[in-house]
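File shown here: final24.cif, holding mmCIF, C-alpha atoms and all ligand atoms.
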```cif
data_data
#
loop_
_atom_site.label_atom_id
_atom_site.label_comp_id
_atom_site.auth_asym_id
_atom_site.auth_seq_id
_atom_site.Cartn_x
_atom_site.Cartn_y
_atom_site.Cartn_z
CA MET A 16 29.62 -81.84 32.37
CA THR A 17 32.63 -81.92 34.68
CA ASP A 18 34.66 -78.93 35.90
CA ALA A 19 37.66 -80.11 33.88
CA PHE A 20 35.55 -80.21 30.69
CA GLU A 21 34.33 -76.66 31.41
CA ARG A 22 37.96 -75.55 32.02
CA ILE A 23 38.95 -76.93 28.62
CA LEU A 24 36.10 -75.04 26.96
CA SER A 25 37.01 -71.75 28.61
CA PHE A 26 40.68 -72.27 27.65
CA VAL A 27 39.68 -72.84 24.03
CA GLU A 28 37.39 -69.81 24.13
CA THR A 29 39.82 -67.33 25.74
CA GLU A 30 43.29 -68.58 24.77
CA LEU A 31 42.56 -70.07 21.36
CA SER A 32 39.79 -67.60 20.38
CA PHE A 33 37.40 -70.30 19.20
CA ALA A 34 33.80 -69.53 20.20
CA THR A 35 32.92 -72.86 21.81
CA SER A 36 29.78 -71.31 23.30
CA HIS A 37 28.22 -71.36 19.82
CA TYR A 38 28.35 -75.15 19.55
CA ASN A 39 26.36 -77.79 21.38
CA ASP A 40 28.02 -79.69 24.23
CA ASP A 41 27.63 -83.14 22.68
CA TYR A 42 29.51 -82.04 19.61
CA LEU A 43 32.30 -80.38 21.65
CA ASP A 44 32.56 -83.42 23.90
CA ARG A 45 32.98 -85.74 20.89
CA ARG A 46 35.78 -83.60 19.47
CA ILE A 47 37.63 -83.19 22.78
CA SER A 48 37.22 -86.88 23.67
CA SER A 49 38.71 -87.82 20.33
CA ARG A 50 41.81 -85.69 21.08
CA ILE A 51 41.98 -87.24 24.57
CA ARG A 52 42.11 -90.70 22.97
CA ARG A 53 44.63 -89.63 20.30
CA THR A 54 46.99 -88.12 22.88
CA GLU A 55 46.40 -91.06 25.24
CA SER A 56 45.53 -88.65 28.01
CA ASP A 57 43.75 -90.00 31.07
CA GLY A 58 40.56 -87.91 30.96
CA TYR A 59 39.64 -84.23 30.77
CA ALA A 60 41.86 -83.06 33.66
CA GLU A 61 45.03 -84.57 32.23
CA TYR A 62 44.20 -83.28 28.76
CA TYR A 63 43.66 -79.78 30.21
CA GLU A 64 47.17 -79.96 31.72
CA ARG A 65 48.57 -80.99 28.36
CA LEU A 66 46.97 -77.96 26.70
CA GLN A 67 48.89 -75.72 29.14
CA THR A 68 52.26 -76.97 27.90
CA ASP A 69 51.84 -78.23 24.34
CA PRO A 70 51.20 -75.59 21.63
CA ALA A 71 51.11 -78.27 18.91
CA GLU A 72 48.07 -79.72 20.66
CA HIS A 73 46.34 -76.31 20.40
CA ARG A 74 46.48 -76.59 16.62
CA ALA A 75 45.39 -80.22 16.65
CA LEU A 76 42.39 -79.44 18.85
CA LEU A 77 41.32 -76.44 16.75
CA GLU A 78 41.65 -78.52 13.62
CA SER A 79 39.50 -81.29 15.07
CA MET A 80 36.84 -78.79 16.17
CA SER A 81 36.34 -77.30 12.76
CA ILE A 82 33.65 -79.35 11.19
CA ASN A 83 34.70 -79.43 7.60
CA VAL A 84 33.23 -82.57 6.08
CA THR A 85 31.89 -81.70 2.66
CA GLY A 86 31.65 -83.03 -0.89
CA PHE A 87 30.69 -82.21 -4.45
CA PHE A 88 26.90 -82.49 -4.97
CA ARG A 89 26.41 -83.79 -1.44
CA ASN A 90 22.96 -85.47 -1.29
CA PRO A 91 22.34 -85.53 -5.07
CA GLU A 92 18.54 -85.53 -4.66
CA VAL A 93 18.83 -82.10 -3.02
CA TRP A 94 20.99 -80.90 -5.92
CA ALA A 95 18.27 -81.83 -8.38
CA GLY A 96 16.07 -79.40 -6.39
CA ILE A 97 18.81 -76.74 -6.35
CA ARG A 98 19.16 -77.13 -10.13
CA ALA A 99 15.41 -76.51 -10.55
CA ILE A 100 15.55 -73.38 -8.35
CA VAL A 101 18.60 -71.97 -10.16
CA ARG A 102 16.98 -72.60 -13.54
CA GLU A 103 13.77 -70.87 -12.46
CA LEU A 104 15.63 -67.88 -10.99
CA ALA A 105 17.86 -67.55 -14.05
CA SER A 106 14.84 -67.36 -16.34
CA ASP A 107 14.02 -63.94 -14.82
CA ALA A 108 16.07 -61.27 -16.51
CA GLY A 109 18.78 -59.68 -14.38
CA GLN A 110 21.75 -60.72 -12.30
CA LEU A 111 21.35 -63.84 -10.16
CA ARG A 112 23.12 -63.68 -6.78
CA ILE A 113 23.83 -66.93 -4.94
CA TRP A 114 25.53 -67.35 -1.54
CA SER A 115 27.16 -70.59 -0.43
CA ALA A 116 27.31 -69.81 3.32
CA ALA A 117 29.69 -72.03 5.34
CA CYS A 118 31.24 -73.32 2.13
CA ALA A 119 34.06 -75.32 3.81
CA ASP A 120 36.80 -76.14 1.25
CA GLY A 121 34.79 -74.90 -1.75
CA ARG A 122 33.24 -78.07 -3.17
CA GLU A 123 29.73 -76.71 -2.59
CA PRO A 124 30.11 -73.37 -4.46
CA TYR A 125 32.06 -75.10 -7.25
CA SER A 126 29.17 -77.58 -7.55
CA ILE A 127 26.83 -74.61 -8.04
CA SER A 128 29.14 -73.10 -10.66
CA MET A 129 29.28 -76.44 -12.55
CA LEU A 130 25.49 -76.68 -12.43
CA VAL A 131 25.20 -73.20 -13.93
CA HIS A 132 27.74 -73.87 -16.70
CA ASP A 133 26.18 -77.22 -17.53
CA ASP A 134 22.71 -75.78 -18.12
CA GLN A 135 22.02 -74.60 -21.67
CA ALA A 136 19.20 -72.38 -20.38
CA ILE A 137 21.51 -70.35 -18.11
CA ASP A 138 23.96 -67.64 -19.12
CA PRO A 139 26.87 -67.97 -16.63
CA ALA A 140 27.67 -64.27 -17.12
CA SER A 141 24.37 -63.46 -15.36
CA VAL A 142 25.32 -65.40 -12.20
CA GLU A 143 27.53 -64.40 -9.23
CA ILE A 144 28.39 -66.82 -6.44
CA LEU A 145 29.71 -65.63 -3.09
CA ALA A 146 31.22 -68.36 -0.92
CA THR A 147 32.07 -67.73 2.72
CA ASP A 148 33.30 -69.63 5.74
CA ILE A 149 34.60 -68.85 9.21
CA SER A 150 37.76 -70.90 8.60
CA GLU A 151 40.69 -69.26 6.78
CA PRO A 152 42.47 -72.60 6.09
CA ALA A 153 39.25 -73.93 4.50
CA LEU A 154 39.06 -70.79 2.34
CA GLU A 155 42.69 -71.16 1.26
CA THR A 156 41.97 -74.68 0.02
CA ALA A 157 38.81 -73.42 -1.64
CA ARG A 158 40.66 -70.69 -3.55
CA ARG A 159 43.21 -73.22 -4.81
CA GLY A 160 40.45 -75.56 -6.02
CA VAL A 161 42.61 -78.69 -6.06
CA TYR A 162 41.23 -81.83 -4.40
CA THR A 163 42.36 -85.40 -3.91
CA GLY A 164 40.13 -88.36 -3.20
CA SER A 165 40.36 -90.39 -0.01
CA ARG A 166 39.08 -93.61 1.45
CA THR A 167 35.90 -91.81 2.53
CA ALA A 168 35.46 -89.46 -0.44
CA ASP A 169 35.18 -90.87 -3.95
CA ILE A 170 35.37 -87.63 -5.92
CA ASP A 171 34.72 -89.29 -9.26
CA ASP A 172 31.52 -90.73 -7.84
CA GLN A 173 30.42 -87.36 -6.43
CA LEU A 174 31.05 -85.53 -9.72
CA GLN A 175 28.95 -88.03 -11.71
CA PHE A 176 26.01 -85.70 -10.99
CA ILE A 177 27.25 -83.81 -14.07
CA ASP A 178 27.42 -86.07 -17.16
CA GLU A 179 30.57 -84.58 -18.69
CA TYR A 180 32.21 -83.31 -15.54
CA THR A 181 35.68 -83.45 -17.08
CA ASP A 182 34.63 -80.34 -19.05
CA TYR A 183 34.88 -78.49 -15.71
CA VAL A 184 37.49 -80.40 -13.71
CA ASP A 185 40.96 -81.48 -14.84
CA VAL A 186 41.63 -84.98 -13.57
CA GLN A 187 45.15 -86.33 -13.24
CA GLU A 188 46.16 -89.34 -11.20
CA GLY A 189 43.57 -88.90 -8.49
CA THR A 190 43.93 -85.10 -8.35
CA TYR A 191 40.92 -83.02 -9.34
CA THR A 192 41.63 -79.39 -10.33
CA ILE A 193 38.73 -77.01 -10.84
CA THR A 194 39.07 -75.17 -14.17
CA ASP A 195 39.37 -71.37 -14.33
CA GLN A 196 36.03 -71.17 -16.10
CA ILE A 197 34.28 -72.67 -13.04
CA LYS A 198 36.40 -70.71 -10.56
CA ARG A 199 35.72 -67.37 -12.23
CA LEU A 200 32.10 -67.31 -11.07
CA VAL A 201 32.95 -67.77 -7.38
CA SER A 202 34.46 -65.26 -4.97
CA PHE A 203 35.56 -66.30 -1.48
CA GLU A 204 35.44 -64.23 1.73
CA ARG A 205 35.67 -64.92 5.44
CA HIS A 206 32.32 -64.44 7.19
CA ASP A 207 31.03 -65.58 10.58
CA LEU A 208 27.31 -66.35 10.28
CA ILE A 209 26.69 -65.67 13.97
CA THR A 210 28.60 -62.45 14.60
CA ASP A 211 29.09 -60.77 11.21
CA ASP A 212 26.52 -58.56 9.48
CA PRO A 213 24.04 -59.84 6.90
CA ILE A 214 24.99 -59.40 3.23
CA PRO A 215 21.74 -58.24 1.62
CA GLY A 216 20.27 -58.98 -1.80
CA PHE A 217 20.70 -62.72 -2.45
CA ASP A 218 18.22 -64.66 -4.59
CA LEU A 219 19.37 -68.03 -3.23
CA ILE A 220 21.35 -69.00 -0.12
CA VAL A 221 22.68 -72.52 0.28
CA CYS A 222 23.66 -72.94 3.94
CA ARG A 223 24.01 -76.63 4.65
CA ASN A 224 25.35 -78.70 7.51
CA VAL A 225 26.37 -75.96 9.90
CA LEU A 226 23.12 -75.20 11.81
CA ILE A 227 23.25 -78.74 13.14
CA TYR A 228 26.37 -77.96 15.19
CA ILE A 229 25.21 -74.62 16.54
CA ASP A 230 23.59 -74.48 19.96
CA ALA A 231 19.96 -73.38 20.33
CA GLU A 232 20.80 -69.86 21.50
CA HIS A 233 23.02 -69.04 18.51
CA LYS A 234 20.69 -70.44 15.87
CA ARG A 235 18.58 -67.29 16.18
CA PRO A 236 21.30 -64.76 15.16
CA MET A 237 22.40 -67.11 12.40
CA LEU A 238 18.91 -67.47 10.92
CA GLU A 239 18.41 -63.70 11.23
CA THR A 240 21.61 -63.15 9.25
CA LEU A 241 20.31 -65.52 6.57
CA SER A 242 16.83 -64.02 6.40
CA LYS A 243 18.17 -60.44 6.22
CA SER A 244 20.52 -61.47 3.43
CA LEU A 245 17.74 -62.90 1.23
CA ARG A 246 15.57 -60.69 -0.89
CA SER A 247 11.85 -61.14 -0.34
CA GLY A 248 10.79 -64.31 -2.21
CA GLY A 249 14.41 -65.56 -2.32
CA TYR A 250 15.23 -69.19 -1.51
CA LEU A 251 17.10 -70.86 1.37
CA VAL A 252 18.39 -74.44 1.32
CA ILE A 253 19.67 -75.95 4.60
CA GLY A 254 21.16 -79.40 5.27
CA LYS A 255 19.07 -82.55 4.92
CA ALA A 256 19.43 -83.42 8.60
CA GLU A 257 18.70 -79.87 9.76
CA THR A 258 15.55 -78.05 10.79
CA ILE A 259 14.62 -74.47 11.47
CA PRO A 260 13.40 -74.57 15.08
CA PRO A 261 9.75 -73.56 15.66
CA GLY A 262 9.65 -69.88 16.58
CA LEU A 263 12.68 -69.10 14.41
CA ASP A 264 10.91 -70.03 11.17
CA THR A 265 8.64 -67.00 10.92
CA SER A 266 10.60 -65.38 8.06
CA PHE A 267 10.40 -68.51 5.89
CA CYS A 268 7.72 -70.55 4.07
CA THR A 269 8.46 -74.23 3.49
CA LEU A 270 8.73 -75.07 -0.21
CA GLU A 271 9.89 -78.66 -0.17
CA PRO A 272 10.06 -80.07 3.39
CA ARG A 273 11.94 -83.27 2.51
CA LEU A 274 14.72 -81.35 0.78
CA ARG A 275 14.79 -78.54 3.39
CA MET A 276 14.00 -75.81 0.90
CA TYR A 277 12.38 -72.59 2.04
CA SER A 278 11.43 -69.24 0.58
CA ARG A 279 11.69 -65.91 2.35
CA ARG A 280 8.32 -64.28 3.11
C1 LIG A 301 30.18 -79.54 7.73
S1 LIG A 301 30.82 -78.14 6.90
C2 LIG A 301 29.57 -77.88 5.69
C3 LIG A 301 30.12 -77.57 4.34
C4 LIG A 301 29.09 -77.49 3.21
N1 LIG A 301 28.12 -76.45 3.44
C5 LIG A 301 28.40 -78.81 3.01
O1 LIG A 301 27.23 -78.97 3.40
O2 LIG A 301 29.02 -79.74 2.48
C6 LIG A 301 30.54 -76.85 8.09
C7 LIG A 301 31.32 -75.56 7.83
O3 LIG A 301 30.78 -74.55 8.67
C8 LIG A 301 31.82 -73.67 9.01
N2 LIG A 301 31.37 -72.86 10.15
C9 LIG A 301 31.26 -73.24 11.45
N3 LIG A 301 30.80 -72.21 12.20
C10 LIG A 301 30.60 -71.17 11.34
C11 LIG A 301 30.14 -69.82 11.52
N4 LIG A 301 29.80 -69.37 12.71
N5 LIG A 301 30.08 -69.02 10.41
C12 LIG A 301 30.46 -69.48 9.18
N6 LIG A 301 30.90 -70.74 8.97
C13 LIG A 301 30.97 -71.58 10.03
C14 LIG A 301 32.99 -74.60 9.28
O4 LIG A 301 34.23 -73.91 9.21
C15 LIG A 301 32.81 -75.65 8.17
O5 LIG A 301 33.57 -75.33 7.04
#
```
Represent the structure of the file as structure tokens.
Ligand SMILES: C[S@@+](CC[C@H](N)C(=O)[O-])C[C@H]1O[C@@H](n2cnc3c(N)ncnc32)[C@H](O)[C@@H]1O
Amino acid sequence: MTDAFERILSFVETELSFATSHYNDDYLDRRISSRIRRTESDGYAEYYERLQTDPAEHRALLESMSINVTGFFRNPEVWAGIRAIVRELASDAGQLRIWSAACADGREPYSISMLVHDDQAIDPASVEILATDISEPALETARRGVYTGSRTADIDDQLQFIDEYTDYVDVQEGTYTITDQIKRLVSFERHDLITDDPIPGFDLIVCRNVLIYIDAEHKRPMLETLSKSLRSGGYLVIGKAETIPPGLDTSFCTLEPRLRMYSRR
């Protein structure tokens, strides 16, 4: 990577307080290059100069670096597996604690809450869902629980995973509002999976599509946080395109390799 690229990264790290060192270079390069094109800058050096004088570009760059693509019931085949795990866990007496780690704008934890409410065998009062993310703006959207479809996200299509989803989501002219009943089960908090402490005692952690962006060195603290937060025998689900690198997988047994489901030793 060029000196100018490195200068941009250290500017983002020190002046904008975004820990670029946690992410892999290819990912950072794609995000920065996209801002270079958008601003019609002539390469890294010119874009670096722009960052010195244009505070609006600071916000735009930070926004483009936060990887917040998500959806309701993303990869439905995985959600069939999550449903089976939740059902099994809920059949044991006692409180069931679920963590949606890196929850983005809330569609993932609300999917879990809908799954719980839609299952006759589960008493929703016995389930707690914690949802966390590093991004405050994402958490603000999540707490509001109001979503609109876009060219790339057909919300109606995503929600079809639940037969009668309109029991849980109010739909009006392309706006989807999560009902209070579904919201009540979920609490939102800011949490950085790399630098913040583990949160012990979870039966199930769903942590999908964030490991893939983290560089090799920071995957270790992240996976340690996850393993220390799971009770022994608890379950971890990561993203479909993600893997736990060899050497970092010692706390986990593979349950269902295709669906990236693990249990804690
Ligand atoms: C691609 S989204 C995944 C959302 C959801 N889990 C899913 O699979 O649809 C990645 C999320 O990870 C969050 N994130 C990135 N680094 C993080 C960190 N160190 N700790 C917690 N969340 C982080 C981002 O803010 C973003 O909301």
Open item on the list: Taking only C-alpha atoms and all ligand atoms into account, which residues have an atom no farther than 6 Å from ligand LIG 301 (chain A)? I'd like them as a list of chain:residue names.
Closed with: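 Checking only C-alpha atoms and all ligand atoms against ligand LIG 301 (chain A) at 6 Å gives A:Ser81, A:Ile82, A:Asn83, A:Val84, A:Thr85, A:Gly86, A:Ala117, A:Cys118, A:Ala119, A:Glu123, A:Asp148, A:Ile149, A:Ser150, A:His206, A:Asp207, A:Leu208, A:Ile209, A:Cys222, A:Arg223, A:Asn224, A:Val225.
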TODO: Compile the contact shell of Asp171 in chain A as a ChimeraX atom specification: residues with an atom at most 12 Å away, counting all atoms listed in the file, same-chain residues fewer than 5 positions apart removed.
DONE: /A:86-88,162-165,176-181,184-191
Open item on the list: So the first atom is CA of Val221 in chain A and the second is CA of Asp182 in chain A; what is the distance between them in Å, to one decimal place?
Closed with: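 We find that CA of Val221 in chain A and CA of Asp182 in chain A lie 24.0 Å from each other.
When the distance limit is 10 Å and all atoms listed in the file are what count, the residues near Pro260 in chain A, minus those fewer than 5 positions from it on the same chain, are Ala231, Lys234, Arg235, Leu238 and Thr265 of chain A.
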- [ ] Grab the CA of Ser244 in chain A to CA of Ser141 in chain A distance for me, in Å with one decimal place.
- [x]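 Rounded to one decimal, the two atoms are 19.3 Å apart.
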Task: Selected residue, from A:Tyr63, A:Asp40, A:Ile253, A:Ala153, that lies nearest to Ala19 in chain A when counting all atoms listed in the file - done: A:Tyr63
Open item on the list: If we draw a sphere of 9 Å around (12.5, -69.4, 7.6), which residues have at least one atom in it when counting all atoms listed in the file? Please report them as a ChimeraX atom specification.
Closed with: /A:238-239,241-242,251,259,263-269,277-280
Open item on the list: Residues within 10 Å of Leu219 in chain A, please, as a list in words. Count only C-alpha atoms; anything in the same chain fewer than 2 positions from it doesn't count.
Closed with: Ile97, Ile100, Val101, Leu104, Leu111, Arg112, Ile113, Trp114, Ser115, Ile144, Gly216, Phe217, Val221, Cys222, Ser244, Leu245, Arg246, Gly248, Gly249, Tyr250, Leu251, Val252, Tyr277, Ser278 and Arg279 of chain A
TODO: Would you please work out which residue, of A:Gly160, A:Pro215, A:Pro272, A:Gly109, is nearest to Leu145 in chain A when using only C-alpha atoms?
DONE: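 Selected residue with least distance to Leu145 in chain A: A:Pro215.
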As a PDB file with C-alpha atoms, keeping the file's coordinate frame, please: the residues near Arg45 in chain A (cut-off 10 Å, all atoms listed in the file, same-chain neighbours under 6 positions excluded).
```pdb
ATOM      1  CA  ILE A  51      41.980 -87.240  24.570  1.00  0.00           C
ATOM      2  CA  SER A  79      39.500 -81.290  15.070  1.00  0.00           C
ATOM      3  CA  MET A  80      36.840 -78.790  16.170  1.00  0.00           C
TER       4      MET A  80
END
```
Task: d(CA of Arg199 in chain A, CA of Ser106 in chain A) in Å - done: 21.3 Å
Open item on the list: Can you tell me which residues surround Arg46 in chain A at a distance of at most 12 Å, considering all atoms listed in the file, apart from same-chain residues fewer than 4 positions away, and format the answer as a PyMOL selection string?
Closed with: chain A and resi 20+23-24+35+38-42+50-53+59+75-82+228
Task: Nearest residue to His132 in chain A from the set A:Val27, A:Ile193, A:Ala34, A:Leu200 (distances using all atoms listed in the file) - done: A:Leu200
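Comparing A:Ala168, A:Ile227, A:Ala105, A:Ala60 by their smallest distance to Pro139 in chain A, the closest is A:Ala105 (using all atoms listed in the file).
Between Leu66 in chain A and the residues A:Ala99, A:Val93, A:Ile197, A:Leu31, the shortest atom-to-atom distance, using all atoms listed in the file, involves A:Leu31.
With only C-alpha atoms as the atoms that count, the minimum distance from Leu226 in chain A to the choices A:Thr240, A:Gln196, A:Thr258, A:Gln67 is reached by A:Thr258.
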Supply range 87-98 of chain A as a compact mmCIF listing (two decimals), in the coordinates of the input, with all heavy atoms built in where the input has gaps.
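File produced: out-v4.txt:
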```txt
# COMPACT_ATOMS: atom_id res chain seq x y z
N PHE A 87 31.37 -82.75 -3.27
CA PHE A 87 30.69 -82.21 -4.45
C PHE A 87 29.29 -82.82 -4.49
O PHE A 87 29.12 -84.02 -4.24
CB PHE A 87 31.45 -82.59 -5.73
CG PHE A 87 32.79 -81.92 -5.85
CD1 PHE A 87 33.95 -82.60 -5.55
CD2 PHE A 87 32.87 -80.60 -6.27
CE1 PHE A 87 35.19 -81.98 -5.67
CE2 PHE A 87 34.11 -79.97 -6.40
CZ PHE A 87 35.27 -80.68 -6.10
N PHE A 88 28.29 -82.02 -4.79
CA PHE A 88 26.90 -82.49 -4.97
C PHE A 88 26.48 -83.44 -3.84
O PHE A 88 25.93 -84.51 -4.08
CB PHE A 88 26.74 -83.15 -6.35
CG PHE A 88 27.09 -82.22 -7.48
CD1 PHE A 88 28.32 -82.32 -8.13
CD2 PHE A 88 26.22 -81.22 -7.86
CE1 PHE A 88 28.67 -81.44 -9.15
CE2 PHE A 88 26.56 -80.33 -8.89
CZ PHE A 88 27.77 -80.45 -9.53
N ARG A 89 26.75 -82.98 -2.61
CA ARG A 89 26.41 -83.79 -1.44
C ARG A 89 24.88 -83.93 -1.37
O ARG A 89 24.18 -82.93 -1.45
CB ARG A 89 26.92 -83.03 -0.22
CG ARG A 89 26.82 -83.74 1.07
CD ARG A 89 27.51 -82.87 2.13
NE ARG A 89 27.55 -83.53 3.40
CZ ARG A 89 28.04 -82.94 4.49
NH1 ARG A 89 28.50 -81.72 4.45
NH2 ARG A 89 28.05 -83.59 5.62
N ASN A 90 24.38 -85.13 -1.21
CA ASN A 90 22.96 -85.47 -1.29
C ASN A 90 22.42 -85.08 -2.67
O ASN A 90 21.71 -84.08 -2.82
CB ASN A 90 22.12 -84.76 -0.21
CG ASN A 90 22.65 -84.97 1.19
OD1 ASN A 90 23.05 -84.00 1.84
ND2 ASN A 90 22.68 -86.18 1.66
N PRO A 91 22.71 -85.89 -3.69
CA PRO A 91 22.34 -85.53 -5.07
C PRO A 91 20.86 -85.19 -5.26
O PRO A 91 20.53 -84.32 -6.07
CB PRO A 91 22.71 -86.78 -5.87
CG PRO A 91 23.72 -87.49 -5.04
CD PRO A 91 23.44 -87.15 -3.61
N GLU A 92 19.97 -85.83 -4.48
CA GLU A 92 18.54 -85.53 -4.66
C GLU A 92 18.25 -84.07 -4.33
O GLU A 92 17.38 -83.44 -4.93
CB GLU A 92 17.65 -86.51 -3.87
CG GLU A 92 17.72 -86.43 -2.36
CD GLU A 92 18.99 -87.07 -1.75
OE1 GLU A 92 19.99 -87.32 -2.46
OE2 GLU A 92 18.99 -87.29 -0.53
N VAL A 93 19.00 -83.52 -3.36
CA VAL A 93 18.83 -82.10 -3.02
C VAL A 93 19.34 -81.24 -4.18
O VAL A 93 18.76 -80.21 -4.53
CB VAL A 93 19.58 -81.75 -1.72
CG1 VAL A 93 19.52 -80.26 -1.42
CG2 VAL A 93 19.05 -82.56 -0.55
N TRP A 94 20.42 -81.69 -4.82
CA TRP A 94 20.99 -80.90 -5.92
C TRP A 94 20.08 -80.86 -7.13
O TRP A 94 20.09 -79.88 -7.88
CB TRP A 94 22.39 -81.42 -6.27
CG TRP A 94 23.35 -80.90 -5.26
CD1 TRP A 94 23.69 -81.49 -4.07
CD2 TRP A 94 24.02 -79.63 -5.27
NE1 TRP A 94 24.54 -80.67 -3.36
CE2 TRP A 94 24.76 -79.53 -4.07
CE3 TRP A 94 24.07 -78.58 -6.18
CZ2 TRP A 94 25.53 -78.41 -3.77
CZ3 TRP A 94 24.84 -77.47 -5.88
CH2 TRP A 94 25.55 -77.39 -4.69
N ALA A 95 19.25 -81.90 -7.30
CA ALA A 95 18.27 -81.83 -8.38
C ALA A 95 17.30 -80.68 -8.07
O ALA A 95 16.90 -79.92 -8.97
CB ALA A 95 17.54 -83.16 -8.50
N GLY A 96 16.94 -80.52 -6.80
CA GLY A 96 16.07 -79.40 -6.39
C GLY A 96 16.77 -78.06 -6.56
O GLY A 96 16.16 -77.08 -7.01
N ILE A 97 18.06 -77.99 -6.20
CA ILE A 97 18.81 -76.74 -6.35
C ILE A 97 18.88 -76.38 -7.84
O ILE A 97 18.70 -75.22 -8.23
CB ILE A 97 20.23 -76.86 -5.73
CG1 ILE A 97 20.11 -77.05 -4.21
CG2 ILE A 97 21.07 -75.63 -6.07
CD1 ILE A 97 21.44 -77.28 -3.48
N ARG A 98 19.10 -77.39 -8.69
CA ARG A 98 19.16 -77.13 -10.13
C ARG A 98 17.84 -76.50 -10.61
O ARG A 98 17.85 -75.53 -11.37
CB ARG A 98 19.42 -78.44 -10.88
CG ARG A 98 19.26 -78.26 -12.37
CD ARG A 98 20.01 -79.21 -13.26
NE ARG A 98 20.06 -80.57 -12.84
CZ ARG A 98 21.00 -81.43 -13.25
NH1 ARG A 98 21.93 -81.06 -14.07
NH2 ARG A 98 20.99 -82.66 -12.83
```
